[in-house]
$ cat data.txt   # compact mmCIF, C-alpha atoms
# COMPACT_ATOMS: atom_id res chain seq x y z
CA MET A 5 76.01 235.55 195.50
CA GLY A 6 75.54 233.13 198.37
CA ARG A 7 72.80 231.31 196.45
CA TYR A 8 75.07 230.77 193.43
CA ILE A 9 77.88 229.51 195.65
CA ARG A 10 75.50 227.03 197.25
CA LYS A 11 74.38 225.85 193.80
CA ILE A 12 77.98 225.34 192.72
CA GLY A 13 78.67 223.41 195.90
CA GLU A 14 75.59 221.28 195.30
CA ALA A 15 76.73 220.58 191.73
CA PHE A 16 80.08 219.30 192.98
CA ARG A 17 78.36 217.12 195.57
CA ARG A 18 75.99 215.65 192.97
CA GLY A 19 78.75 214.99 190.47
CA ASP A 20 81.65 212.56 190.70
CA ILE A 21 84.67 214.48 191.99
CA ILE A 22 87.03 211.55 191.45
CA LEU A 23 86.08 211.44 187.77
CA LEU A 24 86.51 215.19 187.46
CA LEU A 25 89.98 215.04 189.05
CA MET A 26 91.00 212.15 186.76
CA CYS A 27 89.96 214.17 183.70
CA LEU A 28 91.75 217.28 184.96
CA ALA A 29 94.95 215.36 185.67
CA LEU A 30 95.03 213.96 182.15
CA ASN A 31 94.14 217.38 180.74
CA ILE A 32 97.09 218.95 182.58
CA PHE A 33 99.34 216.27 181.10
CA GLY A 34 97.85 217.09 177.70
CA ILE A 35 98.70 220.78 178.16
CA LEU A 36 102.29 219.77 178.94
CA MET A 37 102.44 217.67 175.76
CA ILE A 38 100.93 220.50 173.72
CA ALA A 39 103.68 222.78 175.04
CA SER A 40 106.25 220.28 173.80
CA THR A 41 104.66 219.55 170.42
CA THR A 42 104.18 223.24 169.60
CA ASN A 43 107.56 224.30 170.97
CA GLN A 44 109.00 225.00 167.52
CA VAL A 45 106.17 227.35 166.48
CA GLY A 46 105.55 229.08 169.82
CA PRO A 47 103.29 227.35 172.35
CA VAL A 48 101.82 230.36 174.18
CA ARG A 49 98.67 230.75 172.08
CA TYR A 50 97.95 227.01 172.15
CA LEU A 51 98.44 226.81 175.91
CA ILE A 52 96.16 229.78 176.59
CA ILE A 53 93.37 228.39 174.41
CA GLN A 54 93.68 224.89 175.86
CA SER A 55 93.65 226.23 179.42
CA ILE A 56 90.55 228.30 178.68
CA ALA A 57 88.93 225.19 177.19
CA ALA A 58 89.73 223.26 180.37
CA ALA A 59 88.14 226.01 182.48
CA LEU A 60 85.06 225.94 180.24
CA GLY A 61 84.94 222.19 180.71
CA ILE A 62 84.77 222.61 184.48
CA MET A 63 82.04 225.21 184.06
CA MET A 64 80.10 222.79 181.86
CA TYR A 65 80.56 220.09 184.51
CA VAL A 66 79.05 222.38 187.14
CA LEU A 67 76.20 223.42 184.84
CA ILE A 68 75.22 219.91 183.76
CA SER A 69 75.54 218.54 187.29
CA SER A 70 73.24 221.24 188.66
CA ILE A 71 70.41 220.53 186.19
CA ASP A 72 67.99 217.62 186.68
CA THR A 73 67.73 215.16 183.82
CA GLU A 74 63.99 215.87 183.72
CA PHE A 75 64.79 219.33 182.40
CA PHE A 76 66.65 217.88 179.41
CA SER A 77 63.87 215.36 178.84
CA GLU A 78 61.20 218.05 178.85
CA ASN A 79 63.22 220.23 176.46
CA ARG A 80 64.46 217.47 174.17
CA TYR A 81 63.05 219.05 171.03
CA TRP A 82 64.83 222.31 171.78
CA LEU A 83 68.08 220.33 171.91
CA VAL A 84 67.25 218.91 168.47
CA VAL A 85 66.61 222.42 167.16
CA PHE A 86 69.86 223.61 168.73
CA ASN A 87 71.88 220.82 167.07
CA THR A 88 70.25 221.42 163.70
CA PHE A 89 70.85 225.17 163.88
CA LEU A 90 74.46 224.70 164.96
CA LEU A 91 75.24 222.38 162.05
CA LEU A 92 73.40 224.58 159.54
CA LEU A 93 75.80 227.38 160.49
CA LEU A 94 78.40 225.43 158.50
CA ILE A 95 76.71 226.66 155.32
CA PRO A 96 77.67 230.34 155.72
CA PHE A 97 80.56 230.03 158.20
CA GLY A 98 82.07 226.61 157.50
CA THR A 99 85.79 226.16 156.86
CA ASP A 100 87.96 223.09 156.38
CA ASN A 101 90.74 224.50 158.57
CA GLY A 102 93.24 222.88 156.24
CA SER A 103 91.88 219.35 156.88
CA GLY A 104 89.75 218.84 153.78
CA ASN A 105 86.58 218.48 155.89
CA ARG A 106 84.37 221.57 156.25
CA SER A 107 83.86 220.83 159.94
CA TRP A 108 84.68 224.13 161.64
CA LEU A 109 82.83 227.40 162.12
CA ASP A 110 84.97 230.42 161.33
CA PHE A 111 83.31 233.43 162.96
CA PRO A 112 85.11 236.71 162.14
CA PHE A 113 84.65 237.96 165.71
CA LEU A 114 86.34 234.93 167.34
CA PRO A 115 90.09 234.18 167.40
CA ILE A 116 89.48 230.43 167.12
CA ASP A 117 87.41 228.08 164.99
CA ILE A 118 84.65 225.98 166.57
CA GLN A 119 83.73 222.43 165.58
CA PRO A 120 79.94 222.21 166.08
CA ALA A 121 79.85 218.40 165.99
CA GLU A 122 81.92 218.31 169.19
CA ILE A 123 79.16 220.25 170.96
CA CYS A 124 76.47 218.14 169.32
CA LYS A 125 78.04 214.98 170.78
CA ILE A 126 77.02 216.15 174.26
CA THR A 127 73.51 217.18 173.32
CA TYR A 128 73.01 214.03 171.22
CA VAL A 129 73.73 211.84 174.24
CA LEU A 130 71.09 213.79 176.19
CA ILE A 131 68.59 213.49 173.32
CA MET A 132 69.15 209.75 172.99
CA ALA A 133 68.86 209.23 176.75
CA SER A 134 65.61 211.21 176.78
CA VAL A 135 64.11 209.31 173.84
CA MET A 136 65.04 205.94 175.30
CA SER A 137 63.75 206.93 178.72
CA SER A 138 60.36 207.81 177.22
CA PHE A 139 60.20 204.31 175.66
CA GLN A 140 61.78 202.50 178.61
CA SER A 141 58.95 199.98 179.07
CA ARG A 142 58.89 199.14 175.35
CA ILE A 143 62.44 199.92 174.36
CA SER A 144 62.59 197.29 171.57
CA SER A 145 59.31 198.30 169.93
CA VAL A 146 59.30 199.39 166.30
CA ARG A 147 58.27 202.91 167.25
CA SER A 148 61.05 203.19 169.86
CA VAL A 149 63.81 201.96 167.56
CA PHE A 150 62.65 204.05 164.59
CA THR A 151 62.48 207.17 166.78
CA MET A 152 66.08 206.57 167.88
CA VAL A 153 67.15 205.92 164.28
CA PHE A 154 65.43 209.13 163.16
CA HIS A 155 67.44 211.26 165.60
CA LEU A 156 70.66 209.51 164.57
CA GLY A 157 69.89 209.94 160.88
CA LEU A 158 69.05 213.62 161.29
CA LEU A 159 72.24 214.50 163.13
CA ALA A 160 74.67 212.16 161.38
CA GLY A 161 73.16 212.93 157.98
CA LEU A 162 73.38 216.69 158.46
CA ASN A 163 76.95 216.48 159.71
CA MET A 164 78.05 214.23 156.84
CA VAL A 165 76.36 216.28 154.12
CA LEU A 166 77.49 219.66 155.42
CA SER A 167 81.01 218.78 156.60
CA ASP A 168 81.96 215.52 154.85
CA ASP A 169 83.58 214.51 158.16
CA LEU A 170 83.17 210.73 158.35
CA GLY A 171 85.18 210.42 161.58
CA VAL A 172 82.89 212.54 163.74
CA THR A 173 79.81 211.09 162.03
CA LEU A 174 80.93 207.61 163.10
CA ILE A 175 81.11 208.82 166.71
CA PHE A 176 77.37 209.51 166.60
CA VAL A 177 76.80 206.00 165.22
CA PHE A 178 78.91 204.44 167.97
CA ILE A 179 77.10 206.46 170.66
CA PHE A 180 73.81 205.19 169.22
CA ALA A 181 74.98 201.56 169.24
CA GLY A 182 76.45 201.76 172.75
CA MET A 183 73.39 203.38 174.27
CA ALA A 184 70.96 201.08 172.45
CA PHE A 185 72.84 197.98 173.60
CA SER A 186 73.25 199.10 177.21
CA GLY A 187 69.67 200.38 177.28
CA GLY A 188 68.25 196.94 176.58
CA VAL A 189 67.33 197.07 172.89
CA SER A 190 66.79 193.51 171.62
CA PRO A 191 69.80 191.83 169.93
CA ILE A 192 67.50 191.05 167.00
CA TRP A 193 67.65 194.71 165.99
CA PHE A 194 71.47 194.63 166.04
CA LEU A 195 71.49 191.47 163.89
CA ALA A 196 69.09 193.11 161.45
CA ALA A 197 71.21 196.28 161.32
CA GLY A 198 74.39 194.24 160.81
CA GLY A 199 72.79 192.27 158.00
CA GLY A 200 71.53 195.46 156.39
CA ILE A 201 74.99 197.06 156.50
CA VAL A 202 76.58 193.98 154.93
CA ALA A 203 73.94 193.89 152.19
CA LEU A 204 74.24 197.61 151.47
CA PHE A 205 78.02 197.81 151.80
CA PRO A 206 78.71 197.70 148.01
CA ILE A 207 76.34 200.64 147.58
CA LEU A 208 77.67 202.57 150.58
CA TRP A 209 81.23 202.02 149.33
CA ASN A 210 80.47 204.01 146.20
CA PHE A 211 79.47 207.03 148.30
CA LEU A 212 82.92 207.23 149.88
CA GLY A 213 85.51 209.57 148.42
CA ASP A 214 88.57 208.10 146.72
CA TYR A 215 90.84 209.17 149.58
CA GLN A 216 88.48 207.54 152.11
CA LYS A 217 88.47 204.27 150.17
CA LEU A 218 92.26 204.34 149.96
CA ARG A 219 92.62 204.85 153.72
CA ILE A 220 90.61 201.67 154.27
CA GLU A 221 92.26 199.65 151.51
CA ILE A 222 95.81 200.23 152.77
CA LEU A 223 94.90 198.45 156.01
CA PHE A 224 94.35 195.21 154.10
CA ASN A 225 96.63 195.56 151.10
CA PRO A 226 100.36 195.89 151.92
CA ASP A 227 101.13 196.40 148.23
CA LEU A 228 99.48 199.83 148.28
CA ASP A 229 102.13 202.50 148.84
CA PRO A 230 104.69 200.14 150.48
CA LEU A 231 107.31 202.92 150.73
CA GLY A 232 104.97 205.29 152.56
CA THR A 233 105.25 208.13 150.08
CA GLY A 234 101.52 208.42 149.38
CA ALA A 235 98.50 207.25 151.35
CA ARG A 236 100.64 205.73 154.11
CA HIS A 237 102.82 208.80 154.47
CA HIS A 238 101.39 210.16 157.74
CA THR A 239 101.00 206.71 159.30
CA VAL A 240 104.60 205.74 158.50
CA ARG A 241 105.91 208.95 160.04
CA ALA A 242 103.73 208.48 163.11
CA LEU A 243 104.99 204.91 163.56
CA ARG A 244 108.60 206.04 163.27
CA SER A 245 108.02 208.65 165.96
CA LEU A 246 106.03 206.27 168.14
CA THR A 247 108.67 203.54 168.07
CA GLY A 248 111.62 205.95 168.08
CA GLY A 249 111.30 206.57 171.80
CA GLY A 250 112.01 203.01 172.89
CA MET A 251 111.03 202.12 176.42
CA THR A 252 111.42 205.49 178.18
CA GLY A 253 111.57 207.99 175.32
CA GLN A 254 113.98 210.62 174.09
CA GLY A 255 112.82 213.09 176.74
CA LEU A 256 110.17 215.79 176.94
CA PHE A 257 110.97 218.65 174.52
CA GLN A 258 113.71 216.39 173.10
CA GLY A 259 111.94 214.23 170.51
CA HIS A 260 113.81 214.30 167.19
CA ARG A 261 110.74 214.43 164.93
CA THR A 262 108.47 216.13 167.43
CA GLN A 263 110.89 219.03 167.79
CA THR A 264 111.50 219.30 164.03
CA GLN A 265 108.82 221.43 162.43
CA GLY A 266 106.95 219.50 159.75
CA ALA A 267 108.51 216.11 160.51
CA LEU A 268 105.41 214.75 162.27
CA PHE A 269 102.02 215.74 160.88
CA ALA A 270 99.42 217.19 163.31
CA GLN A 271 101.65 216.33 166.24
CA HIS A 272 99.65 218.45 168.69
CA THR A 273 96.23 217.17 167.54
CA ASP A 274 95.60 213.91 165.64
CA TYR A 275 99.07 212.40 166.14
CA ILE A 276 99.92 213.55 169.65
CA PHE A 277 100.03 209.91 170.79
CA ALA A 278 102.95 209.35 168.38
CA ALA A 279 104.73 212.35 169.92
CA ILE A 280 104.16 210.87 173.39
CA GLY A 281 105.76 207.64 172.20
CA GLU A 282 108.81 209.46 170.88
CA GLU A 283 109.37 211.69 173.89
CA LEU A 284 108.10 209.50 176.75
CA GLY A 285 108.45 206.06 175.23
CA PHE A 286 106.42 202.91 175.77
CA VAL A 287 106.06 203.73 179.46
CA GLY A 288 104.49 207.11 178.70
CA CYS A 289 102.10 205.63 176.12
CA ALA A 290 101.08 202.83 178.47
CA LEU A 291 100.32 205.28 181.28
CA VAL A 292 98.22 207.45 178.95
CA VAL A 293 96.25 204.41 177.77
CA LEU A 294 95.70 203.29 181.36
CA ALA A 295 94.57 206.78 182.36
CA LEU A 296 92.12 207.00 179.46
CA PHE A 297 90.56 203.61 180.12
CA ALA A 298 90.46 204.33 183.84
CA ILE A 299 88.32 207.37 183.02
CA ILE A 300 86.09 205.27 180.77
CA ALA A 301 85.79 202.59 183.46
CA ARG A 302 84.88 205.26 186.02
CA VAL A 303 82.17 206.66 183.72
CA ILE A 304 80.70 203.18 183.28
CA TRP A 305 80.94 202.51 187.03
CA VAL A 306 79.04 205.72 187.79
CA GLY A 307 76.41 204.68 185.26
CA THR A 308 75.93 201.21 186.71
CA ARG A 309 75.46 202.67 190.20
CA SER A 310 72.78 205.10 189.07
CA GLN A 311 69.22 204.06 189.87
CA ASP A 312 67.79 206.39 187.21
CA TYR A 313 67.50 204.94 183.70
CA MET A 314 68.16 208.22 181.89
CA ARG A 315 71.18 209.13 184.03
CA ARG A 316 72.59 205.66 183.48
CA LEU A 317 72.21 206.03 179.71
CA VAL A 318 73.95 209.42 179.74
CA CYS A 319 76.99 207.76 181.33
CA PHE A 320 76.96 204.89 178.84
CA GLY A 321 76.64 207.34 175.95
CA ALA A 322 79.64 209.34 177.15
CA ALA A 323 81.64 206.14 177.63
CA SER A 324 80.73 204.97 174.11
CA ALA A 325 81.98 208.22 172.59
CA LEU A 326 85.24 208.01 174.54
CA ILE A 327 85.83 204.35 173.66
CA PHE A 328 85.40 205.00 169.94
CA GLN A 329 87.52 208.14 169.87
CA VAL A 330 90.36 206.68 171.97
CA THR A 331 90.60 203.42 170.03
CA SER A 332 90.30 205.20 166.68
CA ASN A 333 93.00 207.75 167.47
CA ILE A 334 95.50 205.27 168.91
CA GLY A 335 94.67 202.73 166.19
CA MET A 336 95.30 205.41 163.57
CA CYS A 337 98.72 206.17 165.06
CA ILE A 338 99.78 202.51 165.01
CA GLY A 339 98.27 201.74 161.60
CA LEU A 340 95.41 199.49 162.73
CA THR A 341 92.46 201.77 161.92
CA PRO A 342 91.79 204.19 159.04
CA VAL A 343 92.96 207.78 159.34
CA ILE A 344 89.74 209.66 160.12
CA GLY A 345 91.07 212.74 161.87
CA LEU A 346 89.92 212.18 165.45
CA THR A 347 91.83 213.70 168.35
CA LEU A 348 92.85 212.00 171.60
CA PRO A 349 90.38 213.03 174.34
CA PHE A 350 91.78 215.24 177.16
CA VAL A 351 95.25 215.17 175.58
CA SER A 352 95.13 216.64 172.06
CA TYR A 353 94.89 220.35 171.41
CA GLY A 354 91.39 221.61 170.73
$ encode --input "data.txt" --output "C-alpha cells"
Amino acid sequence: MGRYIRKIGEAFRRGDIILLLMCLALNIFGILMIASTTNQVGPVRYLIIQSIAAALGIMMYVLISSIDTEFFSENRYWLVVFNTFLLLLLIPFGTDNGSGNRSWLDFPFLPIDIQPAEICKITYVLIMASVMSSFQSRISSVRSVFTMVFHLGLLAGLNMVLSDDLGVTLIFVFIFAGMAFSGGVSPIWFLAAGGGIVALFPILWNFLGDYQKLRIEILFNPDLDPLGTGARHHTVRALRSLTGGGMTGQGLFQGHRTQTQGALFAQHTDYIFAAIGEELGFVGCALVVLALFAIIARVIWVGTRSQDYMRRLVCFGAASALIFQVTSNIGMCIGLTPVIGLTLPFVSYG
C-alpha cells in the first residue's frame, strides 16, 4: 500500500497541480450548471454520473502522470490497435443516442453510453506525439508527413464512416494541424494541404449530408430560414436564451427557458453556454470564457517549459483539441459556426 501511495504522490509532483485545480474548479461549476439545467427532469442521475466522471478524470491524471512518455512511444502500435478496436465496436453496439450520429456505444451491462471518439482523442495525441518524436530530426520529410497523415486518416476515416460524426472527426484534424505546426513541420506542407482542400472542396461538398450542407449555408445566407423555424431553430432559441440574461442574468435555477422543459435544446450538453448566458448573464459567460482560455494558456505554458519534445507535443495536442472544441461550441451558440454537436469542455454534461 505504501508503494502505491508513493507512486500517487510522485504523479502529483510530476504533474501540474495548478492546472489540475483549474480544471476541477471549472468542472465543479459545470456540475452546478448541470444541476440547474436538468432541474425540471430531476438532476440526481446527471450529477452522480458527472461526479463519477470527474473522479475518473483525476484517476486518469494520476495514471498518465506516473507513466513515462517512453512507455507510450514504445507501445504506440498497441494504442493504434486499441483505437481501431474501440471504434469498430460501433458496428455491433453503436447507437445515435437521439443525435442522428451513431457515435455512442450502448453496452447492455452499463447504465450509460460511451463515446469512443472521446477516448481516442487522448490516445491519438499520444500516437501523434510518438510518431513526430521518432521523426524529430527530419520532421518535414515526406516519410514523416505521410506517416502522420496515415494515422490521421485511419482514425478520422474510421470515425466518420462508422459514426457519421463530422464534429468529433474535425477535432482529430485540428489536433493534427496544431501538433504539426507546433512541432516544426514546414509551412510548405500546410500551403500544399490548403491548396488541396480548396481544389477538392467541390468534391468533398458532395459527400456531406443535406443537413450538414444546410448548417453551413445558413451562416452565409440570411434568406435561409429567416424566421428560425427550420435549420436555424436551435440557434435562434440558444441566442434568445443567451441574450435573455442581460448583464448579470436571471439567476441560477431561475432562467425562463432553461427552467422550461423543451424550451432550450440540449441545454445541459451542447447548449449549456446559452443556459449560462440566461441565468448568469454576460458576466457569467465572460468568466467561463476566461476560465477556459486560462486552462488552455496553462497547457501551452507547461508545454513550452518542457525540455522533452514528445512531452511538449502532448501539451500542444491537448491545447489544440480544447481550442477547437471551445470555439466551436461557443460559436455554435452565438451563430458564428455550424452546429456540429460538440460539448463545452469541463462544463457540459458527459
$ residues_near_point --input "data.txt" --point "(80.7, 202.1, 186.5)" --cutoff "12 Å" --atoms "all atoms listed in the file" --output "list in words"
Asp20, Leu23, Phe297, Ala298, Ile299, Ile300, Ala301, Arg302, Val303, Ile304, Trp305, Val306, Gly307, Thr308, Arg309, Ser310, Arg316, Leu317, Cys319, Phe320, Ala322 and Ala323 of chain A
$ atom_distance --input "data.txt" --atom1 "atom CA of A:Ser77" --atom2 "atom CA of A:Asp312"
12.9 Å
$ residues_around --input "data.txt" --residues "stretch 211-224 of chain A" --least-positions-apart "5" --cutoff "7 Å" --atoms "all atoms listed in the file" --output "PyMOL selection string"
chain A and resi 235+340+342-343
$ closest_residue --input "data.txt" --among "A:Gln329, A:Ser245, A:Gln263, A:Ser167" --to "A:Gln119" --atoms "all atoms listed in the file"
A:Ser167
$ residues_around --input "data.txt" --residues "A:Ile52" --least-positions-apart "2" --cutoff "12 Å" --atoms "only C-alpha atoms" --output "list in words"
Ile35, Leu36, Ile38, Ala39, Gly46, Pro47, Val48, Arg49, Tyr50, Gln54, Ser55, Ile56, Ala57, Ala58, Ala59, Pro115, Ile116, Tyr353 and Gly354 of chain A
$ residues_around --input "data.txt" --residues "A:Gly266" --least-positions-apart "4" --cutoff "12 Å" --atoms "all atoms listed in the file" --output "PyMOL selection string"
chain A and resi 41-42+44-45+238+241-242+260-262+270-272
$ decode --input "data.txt" --residues "stretch 216-228 of chain A" --atoms "all heavy atoms" --output "short mmCIF file (atom, residue, chain, number, x, y, z; two decimals), in the first residue's frame"
data_model
loop_
_atom_site.label_atom_id
_atom_site.label_comp_id
_atom_site.auth_asym_id
_atom_site.auth_seq_id
_atom_site.Cartn_x
_atom_site.Cartn_y
_atom_site.Cartn_z
N GLN A 216 -26.00 18.69 -43.18
CA GLN A 216 -24.69 19.28 -42.92
C GLN A 216 -24.44 20.47 -43.84
O GLN A 216 -23.91 21.50 -43.41
CB GLN A 216 -23.60 18.22 -43.11
CG GLN A 216 -23.64 17.12 -42.06
CD GLN A 216 -22.71 15.97 -42.38
OE1 GLN A 216 -22.47 15.65 -43.53
NE2 GLN A 216 -22.18 15.33 -41.34
N LYS A 217 -24.82 20.34 -45.10
CA LYS A 217 -24.68 21.45 -46.04
C LYS A 217 -25.51 22.65 -45.59
O LYS A 217 -25.06 23.79 -45.63
CB LYS A 217 -25.13 21.02 -47.44
CG LYS A 217 -24.25 19.97 -48.09
CD LYS A 217 -24.82 19.57 -49.45
CE LYS A 217 -23.99 18.48 -50.11
NZ LYS A 217 -24.57 18.04 -51.40
N LEU A 218 -26.73 22.37 -45.13
CA LEU A 218 -27.64 23.43 -44.72
C LEU A 218 -27.09 24.18 -43.51
O LEU A 218 -27.21 25.41 -43.42
CB LEU A 218 -29.01 22.84 -44.41
CG LEU A 218 -30.17 23.84 -44.24
CD1 LEU A 218 -30.31 24.69 -45.50
CD2 LEU A 218 -31.46 23.09 -43.96
N ARG A 219 -26.46 23.45 -42.58
CA ARG A 219 -25.91 24.09 -41.38
C ARG A 219 -24.77 25.05 -41.74
O ARG A 219 -24.53 26.02 -41.01
CB ARG A 219 -25.40 23.02 -40.41
CG ARG A 219 -26.51 22.24 -39.73
CD ARG A 219 -25.96 21.14 -38.84
NE ARG A 219 -27.02 20.42 -38.15
CZ ARG A 219 -26.80 19.41 -37.31
NH1 ARG A 219 -25.56 18.99 -37.08
NH2 ARG A 219 -27.83 18.81 -36.71
N ILE A 220 -24.07 24.76 -42.82
CA ILE A 220 -23.01 25.66 -43.28
C ILE A 220 -23.60 26.82 -44.08
O ILE A 220 -23.20 27.99 -43.90
CB ILE A 220 -21.99 24.88 -44.14
CG1 ILE A 220 -21.31 23.81 -43.30
CG2 ILE A 220 -20.95 25.83 -44.74
CD1 ILE A 220 -20.39 22.89 -44.08
N GLU A 221 -24.56 26.53 -44.92
CA GLU A 221 -25.14 27.55 -45.80
C GLU A 221 -25.84 28.66 -45.01
O GLU A 221 -25.79 29.83 -45.40
CB GLU A 221 -26.11 26.90 -46.78
CG GLU A 221 -25.42 26.06 -47.85
CD GLU A 221 -26.41 25.27 -48.70
OE1 GLU A 221 -27.59 25.20 -48.29
OE2 GLU A 221 -26.01 24.75 -49.76
N ILE A 222 -26.49 28.31 -43.92
CA ILE A 222 -27.24 29.33 -43.17
C ILE A 222 -26.32 30.36 -42.52
O ILE A 222 -26.77 31.45 -42.15
CB ILE A 222 -28.14 28.70 -42.07
CG1 ILE A 222 -27.30 27.93 -41.05
CG2 ILE A 222 -29.21 27.83 -42.69
CD1 ILE A 222 -28.11 27.40 -39.89
N LEU A 223 -25.03 30.04 -42.40
CA LEU A 223 -24.09 31.01 -41.85
C LEU A 223 -23.82 32.15 -42.82
O LEU A 223 -23.47 33.26 -42.40
CB LEU A 223 -22.76 30.33 -41.50
CG LEU A 223 -22.79 29.22 -40.45
CD1 LEU A 223 -21.41 28.60 -40.30
CD2 LEU A 223 -23.28 29.75 -39.12
N PHE A 224 -24.01 31.88 -44.12
CA PHE A 224 -23.67 32.87 -45.14
C PHE A 224 -24.89 33.39 -45.91
O PHE A 224 -24.76 34.35 -46.66
CB PHE A 224 -22.68 32.24 -46.15
CG PHE A 224 -21.46 31.65 -45.50
CD1 PHE A 224 -21.36 30.29 -45.27
CD2 PHE A 224 -20.41 32.47 -45.10
CE1 PHE A 224 -20.24 29.74 -44.67
CE2 PHE A 224 -19.28 31.93 -44.50
CZ PHE A 224 -19.19 30.57 -44.28
N ASN A 225 -26.02 32.74 -45.71
CA ASN A 225 -27.22 33.14 -46.45
C ASN A 225 -28.35 33.46 -45.47
O ASN A 225 -29.03 32.56 -44.98
CB ASN A 225 -27.64 32.02 -47.40
CG ASN A 225 -28.78 32.45 -48.33
OD1 ASN A 225 -29.36 33.53 -48.19
ND2 ASN A 225 -29.11 31.59 -49.29
N PRO A 226 -28.57 34.75 -45.19
CA PRO A 226 -29.62 35.12 -44.22
C PRO A 226 -31.03 34.84 -44.72
O PRO A 226 -31.98 34.85 -43.93
CB PRO A 226 -29.40 36.64 -44.05
CG PRO A 226 -28.71 37.06 -45.30
CD PRO A 226 -27.86 35.91 -45.72
N ASP A 227 -31.17 34.56 -46.02
CA ASP A 227 -32.50 34.28 -46.56
C ASP A 227 -32.96 32.86 -46.28
O ASP A 227 -34.13 32.52 -46.49
CB ASP A 227 -32.50 34.52 -48.08
CG ASP A 227 -32.28 35.99 -48.43
OD1 ASP A 227 -32.71 36.84 -47.65
OD2 ASP A 227 -31.66 36.26 -49.47
N LEU A 228 -32.04 32.01 -45.82
CA LEU A 228 -32.41 30.64 -45.48
C LEU A 228 -33.02 30.61 -44.07
O LEU A 228 -32.36 30.96 -43.09
CB LEU A 228 -31.18 29.72 -45.53
CG LEU A 228 -30.65 29.37 -46.93
CD1 LEU A 228 -29.36 28.56 -46.81
CD2 LEU A 228 -31.70 28.57 -47.71
#
